[in-house]
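One file, final_34.cif, carrying mmCIF, C-alpha atoms and all ligand atoms:
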data_my_file
loop_
_atom_site.label_atom_id
_atom_site.label_comp_id
_atom_site.auth_asym_id
_atom_site.auth_seq_id
_atom_site.Cartn_x
_atom_site.Cartn_y
_atom_site.Cartn_z
CA MET N 8 -10.12 -22.13 -6.34
CA SER N 9 -8.52 -20.18 -3.48
CA GLU N 10 -6.61 -17.74 -5.74
CA ARG N 11 -7.92 -14.24 -6.24
CA PHE N 12 -7.78 -12.48 -9.58
CA PHE N 13 -7.56 -8.76 -10.17
CA ILE N 14 -9.73 -7.25 -12.85
CA GLU N 15 -9.61 -3.80 -14.35
CA PRO N 16 -11.64 -1.62 -15.02
CA PRO N 17 -14.19 -1.87 -12.17
CA ILE N 18 -16.84 -4.58 -12.57
CA SER N 19 -20.31 -3.09 -13.04
CA GLY N 20 -22.56 -5.53 -14.91
CA GLU N 21 -22.95 -9.28 -15.13
CA ARG N 22 -19.97 -9.80 -17.43
CA ALA N 23 -16.30 -9.12 -16.92
CA ILE N 24 -13.18 -9.71 -18.98
CA LEU N 25 -9.90 -10.88 -17.55
CA SER N 26 -6.83 -10.28 -19.72
CA GLY N 27 -3.04 -10.33 -19.83
CA SER N 28 -0.95 -12.08 -17.20
CA GLU N 29 -3.98 -12.83 -15.04
CA VAL N 30 -5.34 -15.11 -17.78
CA HIS N 31 -1.98 -16.73 -18.25
CA HIS N 32 -1.99 -17.56 -14.56
CA LEU N 33 -5.57 -18.79 -14.63
CA ALA N 34 -5.26 -20.97 -17.72
CA GLY N 35 -1.59 -21.97 -17.71
CA VAL N 36 -0.79 -22.27 -14.02
CA MET N 37 -4.16 -22.93 -12.39
CA ARG N 38 -5.44 -25.06 -15.29
CA ALA N 39 -8.89 -23.49 -15.02
CA LYS N 40 -11.65 -24.52 -17.39
CA ILE N 41 -15.03 -23.28 -18.57
CA GLY N 42 -17.59 -23.44 -15.76
CA ASP N 43 -15.03 -22.97 -12.94
CA GLU N 44 -15.82 -20.30 -10.39
CA ILE N 45 -13.12 -17.87 -9.31
CA THR N 46 -12.87 -14.96 -6.87
CA LEU N 47 -12.29 -11.55 -8.40
CA PHE N 48 -11.61 -8.09 -7.01
CA ASP N 49 -11.41 -4.80 -8.83
CA GLY N 50 -9.94 -2.47 -6.21
CA SER N 51 -13.32 -0.90 -5.44
CA GLY N 52 -13.71 -2.63 -2.07
CA CYS N 53 -15.89 -5.48 -3.35
CA GLU N 54 -15.19 -9.11 -4.03
CA PHE N 55 -16.94 -11.10 -6.76
CA THR N 56 -17.57 -14.68 -7.72
CA GLY N 57 -17.13 -15.08 -11.46
CA GLN N 58 -17.81 -18.16 -13.54
CA ILE N 59 -15.62 -18.78 -16.55
CA ALA N 60 -17.78 -18.47 -19.69
CA SER N 61 -14.99 -18.60 -22.27
CA LEU N 62 -11.25 -19.03 -21.97
CA LYS N 63 -8.61 -18.16 -24.57
CA LYS N 64 -4.87 -17.69 -24.23
CA ASP N 65 -5.06 -14.03 -23.30
CA ARG N 66 -8.73 -13.38 -22.67
CA CYS N 67 -11.25 -14.87 -20.30
CA GLU N 68 -14.93 -13.95 -20.21
CA LEU N 69 -16.67 -14.31 -16.89
CA THR N 70 -20.25 -14.26 -15.73
CA ILE N 71 -20.52 -12.44 -12.42
CA LEU N 72 -22.55 -14.62 -10.07
CA GLU N 73 -22.15 -12.70 -6.85
CA ARG N 74 -20.92 -9.34 -5.60
CA ARG N 75 -19.89 -8.98 -1.94
CA GLU N 76 -19.01 -5.80 -0.04
CA PHE N 77 -16.05 -7.06 1.89
CA SER N 78 -13.71 -4.54 3.40
CA ARG N 79 -10.46 -5.55 5.03
CA GLU N 80 -9.41 -1.91 5.42
CA PRO N 81 -8.28 -0.68 8.83
CA GLN N 82 -10.32 2.25 10.19
CA LEU N 83 -7.15 4.31 10.42
CA ALA N 84 -5.98 5.89 7.19
CA ILE N 85 -2.18 5.97 6.93
CA VAL N 86 -0.19 7.86 4.32
CA ALA N 87 3.44 6.77 4.20
CA GLY N 88 5.95 9.10 2.53
CA VAL N 89 9.06 7.05 1.88
CA ALA N 90 12.41 7.71 0.16
CA LEU N 91 12.24 4.45 -1.77
CA PRO N 92 14.94 1.82 -1.33
CA LYS N 93 16.30 -0.09 -4.34
CA GLY N 94 15.32 -3.37 -6.02
CA ASP N 95 14.03 -6.20 -3.91
CA ARG N 96 13.84 -4.08 -0.81
CA GLN N 97 11.43 -1.76 -2.61
CA LYS N 98 9.31 -4.75 -3.61
CA TRP N 99 9.28 -5.96 -0.04
CA LEU N 100 8.31 -2.51 1.26
CA VAL N 101 5.32 -2.31 -1.09
CA GLU N 102 4.20 -5.84 -0.26
CA LYS N 103 4.32 -5.30 3.49
CA LEU N 104 2.71 -1.85 3.49
CA THR N 105 -0.09 -3.26 1.35
CA GLU N 106 -0.59 -6.19 3.71
CA LEU N 107 -0.71 -3.88 6.72
CA GLY N 108 -3.45 -1.79 5.14
CA VAL N 109 -1.58 1.45 4.47
CA THR N 110 -3.82 3.76 2.45
CA GLU N 111 -1.23 5.46 0.27
CA LEU N 112 2.50 5.27 -0.41
CA VAL N 113 4.04 8.54 -1.54
CA PRO N 114 7.56 8.23 -3.01
CA LEU N 115 9.64 11.02 -1.48
CA LEU N 116 12.43 12.70 -3.44
CA THR N 117 15.20 13.56 -1.00
CA THR N 118 18.68 15.04 -1.25
CA ARG N 119 20.38 11.78 -0.31
CA GLY N 120 17.87 9.47 -1.97
CA VAL N 121 19.26 6.96 -4.46
CA VAL N 122 16.01 6.11 -6.24
CA GLN N 123 14.38 8.85 -8.28
CA PRO N 124 11.09 7.22 -9.30
CA GLY N 125 9.87 7.88 -12.83
CA GLU N 126 6.83 6.74 -14.82
CA ASN N 127 7.90 3.08 -14.91
CA ALA N 128 8.37 3.05 -11.17
CA ALA N 129 4.73 3.96 -10.57
CA SER N 130 3.41 1.06 -12.67
CA ARG N 131 5.94 -1.34 -11.16
CA LEU N 132 4.90 -0.29 -7.66
CA ARG N 133 1.24 -0.66 -8.57
CA ARG N 134 1.89 -4.16 -9.89
CA GLY N 135 3.44 -4.98 -6.51
CA VAL N 136 0.34 -3.64 -4.75
CA ILE N 137 -1.92 -5.83 -6.89
CA GLU N 138 0.18 -8.95 -6.28
CA ALA N 139 0.18 -8.36 -2.52
CA SER N 140 -3.58 -7.61 -2.50
CA LYS N 141 -4.31 -10.85 -4.34
CA GLN N 142 -2.49 -12.76 -1.67
CA CYS N 143 -3.61 -10.91 1.48
CA GLY N 144 -7.27 -10.44 0.58
CA ARG N 145 -7.30 -6.67 0.51
CA ASN N 146 -10.05 -5.40 -1.79
CA VAL N 147 -8.92 -1.78 -1.98
CA LEU N 148 -5.58 -1.07 -3.62
CA MET N 149 -2.98 0.90 -1.70
CA GLU N 150 -2.63 4.08 -3.72
CA ILE N 151 0.71 5.06 -5.15
CA GLY N 152 0.98 8.83 -4.92
CA ALA N 153 2.94 11.01 -7.30
CA ALA N 154 6.59 11.34 -6.33
CA VAL N 155 7.13 14.60 -4.50
CA ALA N 156 10.10 16.50 -3.04
CA ALA N 157 10.19 15.86 0.70
CA ASN N 158 10.37 19.59 1.52
CA GLU N 159 7.32 20.27 -0.57
CA TRP N 160 5.43 17.40 1.04
CA PHE N 161 6.28 18.61 4.54
CA ALA N 162 4.82 22.01 3.69
CA THR N 163 1.69 20.80 1.91
CA VAL N 164 0.30 18.00 4.11
CA PRO N 165 -2.47 19.76 6.07
CA ALA N 166 -1.36 20.69 9.60
CA ALA N 167 -4.62 19.43 11.12
CA ASN N 168 -3.37 15.85 10.62
CA ARG N 169 -0.92 13.89 12.73
CA ARG N 170 2.44 14.17 10.96
CA PHE N 171 5.49 12.23 12.04
CA LEU N 172 9.05 12.43 10.80
CA ALA N 173 10.72 9.04 11.36
CA ASP N 174 14.01 9.69 13.08
CA PRO N 175 16.14 7.31 15.15
CA ALA N 176 16.98 10.26 17.42
CA GLY N 177 13.32 11.37 17.80
CA GLU N 178 10.96 10.95 20.77
CA PRO N 179 9.68 7.37 21.07
CA LEU N 180 6.28 7.07 19.38
CA THR N 181 3.80 6.45 22.20
CA VAL N 182 0.11 6.85 22.97
CA SER N 183 0.72 10.39 24.19
CA ASN N 184 2.39 11.81 21.08
CA PHE N 185 0.29 9.64 18.76
CA ARG N 186 -2.93 11.10 20.24
CA SER N 187 -6.30 10.40 18.66
CA GLY N 188 -7.66 12.19 15.67
CA ALA N 189 -10.07 11.95 12.81
CA GLY N 190 -7.89 12.43 9.74
CA PRO N 191 -5.19 10.21 8.24
CA VAL N 192 -1.83 9.79 9.93
CA TYR N 193 1.12 10.86 7.80
CA PHE N 194 4.68 9.73 8.33
CA ALA N 195 7.91 10.33 6.44
CA VAL N 196 10.85 7.92 6.21
CA GLY N 197 14.17 9.14 4.86
CA PRO N 198 16.80 7.53 2.60
CA GLU N 199 19.69 5.34 3.81
CA GLY N 200 21.80 8.46 4.25
CA GLY N 201 19.04 10.02 6.37
CA PHE N 202 17.22 13.32 5.83
CA THR N 203 19.56 16.31 5.55
CA GLU N 204 19.48 18.97 8.23
CA ALA N 205 17.66 21.25 5.80
CA GLU N 206 14.96 18.61 5.28
CA VAL N 207 14.60 18.02 9.01
CA THR N 208 14.33 21.77 9.57
CA ALA N 209 11.70 22.08 6.83
CA ALA N 210 9.66 19.34 8.48
CA LYS N 211 10.00 20.83 11.94
CA ASN N 212 9.11 24.33 10.72
CA ALA N 213 5.97 22.89 9.17
CA GLY N 214 5.10 21.30 12.52
CA TRP N 215 6.06 17.65 11.91
CA GLU N 216 7.07 15.73 15.05
CA SER N 217 10.26 13.63 15.09
CA VAL N 218 9.51 10.16 16.38
CA SER N 219 11.51 6.98 16.74
CA VAL N 220 10.48 3.34 16.79
CA GLY N 221 13.46 1.99 18.69
CA LYS N 222 17.07 2.98 19.15
CA SER N 223 18.67 1.02 16.35
CA ILE N 224 19.16 2.48 12.91
CA LEU N 225 16.61 0.69 10.81
CA ARG N 226 16.72 0.32 7.07
CA ILE N 227 14.15 2.33 5.13
CA GLU N 228 11.69 -0.50 4.64
CA THR N 229 11.98 -1.74 8.23
CA ALA N 230 11.36 1.78 9.54
CA ALA N 231 8.31 2.26 7.30
CA ILE N 232 6.78 -1.06 8.29
CA ALA N 233 7.51 -0.50 11.99
CA LEU N 234 5.91 2.95 11.81
CA ALA N 235 2.81 1.63 10.05
CA ALA N 236 2.41 -1.23 12.54
CA ALA N 237 2.98 1.11 15.50
CA CYS N 238 0.35 3.55 14.21
CA ILE N 239 -2.17 0.74 13.80
CA ALA N 240 -1.45 -0.59 17.30
CA LEU N 241 -1.60 2.87 18.88
CA ALA N 242 -4.85 3.69 17.10
CA LYS N 243 -6.31 0.49 18.54
CA ASN N 244 -5.20 1.54 21.97
CA GLY N 245 -6.98 4.86 21.53
CA ASN N 246 -10.07 2.94 20.38
CA GLU N 247 -10.01 4.01 16.79
CA SER N 248 -11.35 0.59 16.04
CA ILE N 249 -9.09 -1.48 13.81
CA ASP N 250 -10.82 -4.67 12.72
N1 LIG G 301 22.08 7.29 8.45
C1 LIG G 301 20.80 7.71 8.91
C2 LIG G 301 19.83 6.54 9.01
C3 LIG G 301 19.00 6.37 7.85
S1 LIG G 301 17.94 5.03 8.00
C4 LIG G 301 20.86 8.34 10.28
O1 LIG G 301 21.77 8.05 11.01
O2 LIG G 301 19.94 9.10 10.59
C5 LIG G 301 16.68 5.48 6.87
C6 LIG G 301 15.49 6.19 7.48
O3 LIG G 301 14.77 5.26 8.29
C7 LIG G 301 15.78 7.36 8.38
O4 LIG G 301 15.94 8.56 7.64
C8 LIG G 301 14.54 7.42 9.25
O5 LIG G 301 13.51 8.14 8.63
C9 LIG G 301 14.16 5.95 9.36
N2 LIG G 301 14.62 5.30 10.60
C10 LIG G 301 15.70 4.51 10.76
N3 LIG G 301 15.78 4.05 12.02
C11 LIG G 301 14.72 4.56 12.69
C12 LIG G 301 14.25 4.46 14.03
N4 LIG G 301 14.88 3.76 14.93
N5 LIG G 301 13.12 5.13 14.35
C13 LIG G 301 12.47 5.88 13.44
N6 LIG G 301 12.86 5.99 12.14
C14 LIG G 301 13.98 5.36 11.78
#
Show this structure as structure tokens.
Amino acid sequence: MSERFFIEPPISGERAILSGSEVHHLAGVMRAKIGDEITLFDGSGCEFTGQIASLKKDRCELTILERREFSREPQLAIVAGVALPKGDRQKWLVEKLTELGVTELVPLLTTRGVVQPGENAASRLRRGVIEASKQCGRNVLMEIGAAVAANEWFATVPAANRRFLADPAGEPLTVSNFRSGAGPVYFAVGPEGGFTEAEVTAAKNAGWESVSVGKSILRIETAAIALAAACIALAKNGNESID
């Protein structure tokens, strides 16, 4: 069975329990039966082969046959601070950033932002990360950080890291301003109305560099994905090996 199933909490012994919608999918949609082998991941970086030992409507017991260390993580850690877009565009953003291998998505609260993420948002975003990871083979979940005010984030991300403020009027992001470095790369993408002057000033005062990824005005999710892909490509160029 080519599908991957997500299991929580982390698998440690020879038994694991799958529950909720994952079982519905396994039993109802995939028509799995006792004795079938399925691929599992638990977000720890490993992949497992599990054999179905018992199968009920909302609970499936599995015998773990094999555990494989299988990382599909890029070497470069990327933390994307994004003023979240609405609805389907938010879903798309999470899916694509997960596929690209972004380490963490931090929802940014901005003056012109239209989405103010609450408790529900975090679990919805996490669900999106799991769905995308099932499909793309990632074995480590993209983290969803706590929502934070952009100004606060600009001031608290350690200055030793590369920090980029996405700005259509910024310097093009190239090998020379990307540089090489050991720590994660941080970038911030503003809301549809853009960052306010006060936010841009706060970022600049904290030492963030304004960079652009083209001259057109991109939508939030396009900008975030373009930034992530550019960082990965530039890190490759600088020989921070990306598998
Ligand atoms: N009305 C705003 C555009 C907002 S687009 C303005 O004119 O500035 C939403 C966010 O996407 C922006 O705040 C910026 O962070 C990012 N963005 C859009 N286009 C970009 C580009 N070409 N390069 C880098 N970042 C971009």
Padding of 3 Å on every side, edges along x, y and z, all listed atoms of ligand LIG 301 (chain G) included: what centre and edge lengths in Å, to one decimal, does that box have, as lines of an AutoDock Vina configuration file?
center_x = 17.3
center_y = 6.4
center_z = 10.9
size_x = 15.6
size_y = 11.3
size_z = 14.1
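For the atom pair formed by atom CA of Ala205 of chain N and atom CA of Glu159 of chain N, the distance is 12.2 Å, given to one decimal.
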Given only C-alpha atoms and all ligand atoms as the basis, pick out the residue of N:Pro191, N:Gly120, N:Gly135, N:Gly152 nearest to ligand LIG 301 (chain G).
N:Gly120
Using all atoms listed in the file, which residues of the polymer chains come no farther than 9 Å from ligand LIG 301 (chain G)? I'd like the answer as number ranges by chain.
N: 89-90, 172-180, 194-203, 217-231, 233-234
Fewer than 5 positions away in the same chain doesn't count, so skip those; otherwise give me all residues within 10 Å of Ala87 of chain N, counting all atoms listed in the file, as a PDB file with C-alpha atoms, in the frame of the given file.
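Generated file (part-v1.pdb):
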ATOM      1  CA  LEU N 104       2.710  -1.850   3.490  1.00  0.00           C
ATOM      2  CA  VAL N 109      -1.580   1.450   4.470  1.00  0.00           C
ATOM      3  CA  THR N 110      -3.820   3.760   2.450  1.00  0.00           C
ATOM      4  CA  GLU N 111      -1.230   5.460   0.270  1.00  0.00           C
ATOM      5  CA  LEU N 112       2.500   5.270  -0.410  1.00  0.00           C
ATOM      6  CA  VAL N 113       4.040   8.540  -1.540  1.00  0.00           C
ATOM      7  CA  PRO N 114       7.560   8.230  -3.010  1.00  0.00           C
ATOM      8  CA  LEU N 115       9.640  11.020  -1.480  1.00  0.00           C
ATOM      9  CA  ILE N 151       0.710   5.060  -5.150  1.00  0.00           C
ATOM     10  CA  GLY N 152       0.980   8.830  -4.920  1.00  0.00           C
ATOM     11  CA  PHE N 171       5.490  12.230  12.040  1.00  0.00           C
ATOM     12  CA  VAL N 192      -1.830   9.790   9.930  1.00  0.00           C
ATOM     13  CA  TYR N 193       1.120  10.860   7.800  1.00  0.00           C
ATOM     14  CA  PHE N 194       4.680   9.730   8.330  1.00  0.00           C
ATOM     15  CA  ALA N 195       7.910  10.330   6.440  1.00  0.00           C
ATOM     16  CA  VAL N 196      10.850   7.920   6.210  1.00  0.00           C
ATOM     17  CA  ALA N 231       8.310   2.260   7.300  1.00  0.00           C
ATOM     18  CA  ILE N 232       6.780  -1.060   8.290  1.00  0.00           C
ATOM     19  CA  LEU N 234       5.910   2.950  11.810  1.00  0.00           C
ATOM     20  CA  ALA N 235       2.810   1.630  10.050  1.00  0.00           C
TER      21      ALA N 235
END
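Interatomic distance, atom CA of Ser140 of chain N to atom CA of Gly50 of chain N: 9.0 Å.
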Report as a ChimeraX atom specification all protein, DNA and RNA residues lying within 10 Å of segment 61-73 of chain N, evaluated on all atoms listed in the file, omitting residues in the same chain fewer than 4 positions from it.
/N:18-35,39-47,54-57
Write out the residues from the selection above, keeping C-alpha atoms, as a compact mmCIF listing (two decimals), in the frame of the given file.
# COMPACT_ATOMS: atom_id res chain seq x y z
CA ILE N 18 -16.84 -4.58 -12.57
CA SER N 19 -20.31 -3.09 -13.04
CA GLY N 20 -22.56 -5.53 -14.91
CA GLU N 21 -22.95 -9.28 -15.13
CA ARG N 22 -19.97 -9.80 -17.43
CA ALA N 23 -16.30 -9.12 -16.92
CA ILE N 24 -13.18 -9.71 -18.98
CA LEU N 25 -9.90 -10.88 -17.55
CA SER N 26 -6.83 -10.28 -19.72
CA GLY N 27 -3.04 -10.33 -19.83
CA SER N 28 -0.95 -12.08 -17.20
CA GLU N 29 -3.98 -12.83 -15.04
CA VAL N 30 -5.34 -15.11 -17.78
CA HIS N 31 -1.98 -16.73 -18.25
CA HIS N 32 -1.99 -17.56 -14.56
CA LEU N 33 -5.57 -18.79 -14.63
CA ALA N 34 -5.26 -20.97 -17.72
CA GLY N 35 -1.59 -21.97 -17.71
CA ALA N 39 -8.89 -23.49 -15.02
CA LYS N 40 -11.65 -24.52 -17.39
CA ILE N 41 -15.03 -23.28 -18.57
CA GLY N 42 -17.59 -23.44 -15.76
CA ASP N 43 -15.03 -22.97 -12.94
CA GLU N 44 -15.82 -20.30 -10.39
CA ILE N 45 -13.12 -17.87 -9.31
CA THR N 46 -12.87 -14.96 -6.87
CA LEU N 47 -12.29 -11.55 -8.40
CA GLU N 54 -15.19 -9.11 -4.03
CA PHE N 55 -16.94 -11.10 -6.76
CA THR N 56 -17.57 -14.68 -7.72
CA GLY N 57 -17.13 -15.08 -11.46
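Minimum distance to Phe185 of chain N across N:Glu106, N:Asp49, N:Asp95, N:Glu216 (counting all atoms listed in the file) occurs at N:Glu216.
Here atom CA of Ser78 of chain N and atom CA of Arg134 of chain N stand 20.5 Å from one another.
Distances from N:Ala129, N:Asn184, N:Gly144, N:Val155 to Leu116 of chain N were compared using all atoms listed in the file, and the smallest one belongs to N:Val155.
Minimum atom-to-atom distances from N:Glu138, N:Pro124, N:Glu80, N:Thr117 to Lys93 of chain N were compared using all atoms listed in the file, and the lowest value belongs to N:Pro124.
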Please provide as a list in words all residues within 7 Å of Ala139 of chain N, with the sequence filter that same-chain residues fewer than 3 positions apart are discarded (counting all atoms listed in the file).
Glu102, Thr105, Glu106, Gly135, Val136, Gln142 and Cys143 of chain N
Could you extract segment 108-119 of chain N of the given structure into a file holding all heavy atoms, as a compact mmCIF listing (two decimals), in the first residue's frame?
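Dumped to result11.txt:
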# COMPACT_ATOMS: atom_id res chain seq x y z
N GLY N 108 10.29 21.61 2.57
CA GLY N 108 11.18 21.24 3.67
C GLY N 108 11.45 22.37 4.64
O GLY N 108 12.44 22.34 5.38
N VAL N 109 10.57 23.37 4.66
CA VAL N 109 10.73 24.47 5.62
C VAL N 109 10.64 23.90 7.04
O VAL N 109 9.81 23.03 7.31
CB VAL N 109 9.67 25.57 5.35
CG1 VAL N 109 9.57 26.56 6.49
CG2 VAL N 109 9.99 26.28 4.04
N THR N 110 11.51 24.37 7.91
CA THR N 110 11.58 23.82 9.27
C THR N 110 10.40 24.28 10.14
O THR N 110 9.82 23.49 10.87
CB THR N 110 12.89 24.30 9.95
OG1 THR N 110 13.95 24.17 9.01
CG2 THR N 110 13.20 23.52 11.20
N GLU N 111 10.11 25.56 10.06
CA GLU N 111 9.08 26.10 10.95
C GLU N 111 8.33 27.25 10.27
O GLU N 111 8.94 28.07 9.58
CB GLU N 111 9.73 26.62 12.24
CG GLU N 111 8.73 27.12 13.26
CD GLU N 111 9.38 27.61 14.55
OE1 GLU N 111 10.61 27.48 14.70
OE2 GLU N 111 8.63 28.12 15.41
N LEU N 112 7.04 27.28 10.47
CA LEU N 112 6.21 28.40 10.01
C LEU N 112 5.74 29.17 11.24
O LEU N 112 5.11 28.59 12.13
CB LEU N 112 5.00 27.87 9.21
CG LEU N 112 3.91 28.88 8.87
CD1 LEU N 112 4.43 29.97 7.93
CD2 LEU N 112 2.71 28.18 8.22
N VAL N 113 6.08 30.44 11.28
CA VAL N 113 5.66 31.28 12.40
C VAL N 113 4.60 32.26 11.90
O VAL N 113 4.90 33.11 11.05
CB VAL N 113 6.87 32.07 12.97
CG1 VAL N 113 6.44 33.00 14.10
CG2 VAL N 113 7.96 31.12 13.45
N PRO N 114 3.35 32.15 12.37
CA PRO N 114 2.33 33.12 11.96
C PRO N 114 2.66 34.50 12.53
O PRO N 114 2.84 34.65 13.74
CB PRO N 114 1.03 32.56 12.56
CG PRO N 114 1.33 31.12 12.87
CD PRO N 114 2.80 31.08 13.22
N LEU N 115 2.77 35.49 11.65
CA LEU N 115 3.10 36.84 12.09
C LEU N 115 1.85 37.68 12.24
O LEU N 115 0.99 37.70 11.34
CB LEU N 115 4.03 37.53 11.08
CG LEU N 115 5.46 37.00 10.94
CD1 LEU N 115 6.23 37.89 9.99
CD2 LEU N 115 6.16 36.90 12.29
N LEU N 116 1.73 38.38 13.34
CA LEU N 116 0.63 39.32 13.55
C LEU N 116 1.13 40.68 13.11
O LEU N 116 2.15 41.16 13.60
CB LEU N 116 0.23 39.34 15.03
CG LEU N 116 -0.10 37.96 15.61
CD1 LEU N 116 -0.30 38.03 17.12
CD2 LEU N 116 -1.33 37.39 14.94
N THR N 117 0.44 41.26 12.13
CA THR N 117 0.89 42.53 11.56
C THR N 117 -0.24 43.54 11.59
O THR N 117 -1.42 43.16 11.69
CB THR N 117 1.33 42.33 10.09
OG1 THR N 117 0.22 41.79 9.37
CG2 THR N 117 2.51 41.38 9.97
N THR N 118 0.10 44.80 11.46
CA THR N 118 -0.91 45.86 11.52
C THR N 118 -1.98 45.67 10.44
O THR N 118 -3.16 45.84 10.69
CB THR N 118 -0.23 47.24 11.34
OG1 THR N 118 0.85 47.30 12.27
CG2 THR N 118 -1.19 48.38 11.57
N ARG N 119 -1.54 45.32 9.23
CA ARG N 119 -2.51 45.20 8.13
C ARG N 119 -2.98 43.77 7.88
O ARG N 119 -3.68 43.52 6.90
CB ARG N 119 -1.90 45.77 6.85
CG ARG N 119 -1.57 47.25 6.96
CD ARG N 119 -1.14 47.78 5.62
NE ARG N 119 -0.74 49.17 5.72
CZ ARG N 119 0.36 49.69 5.17
NH1 ARG N 119 1.18 48.91 4.48
NH2 ARG N 119 0.65 50.96 5.31
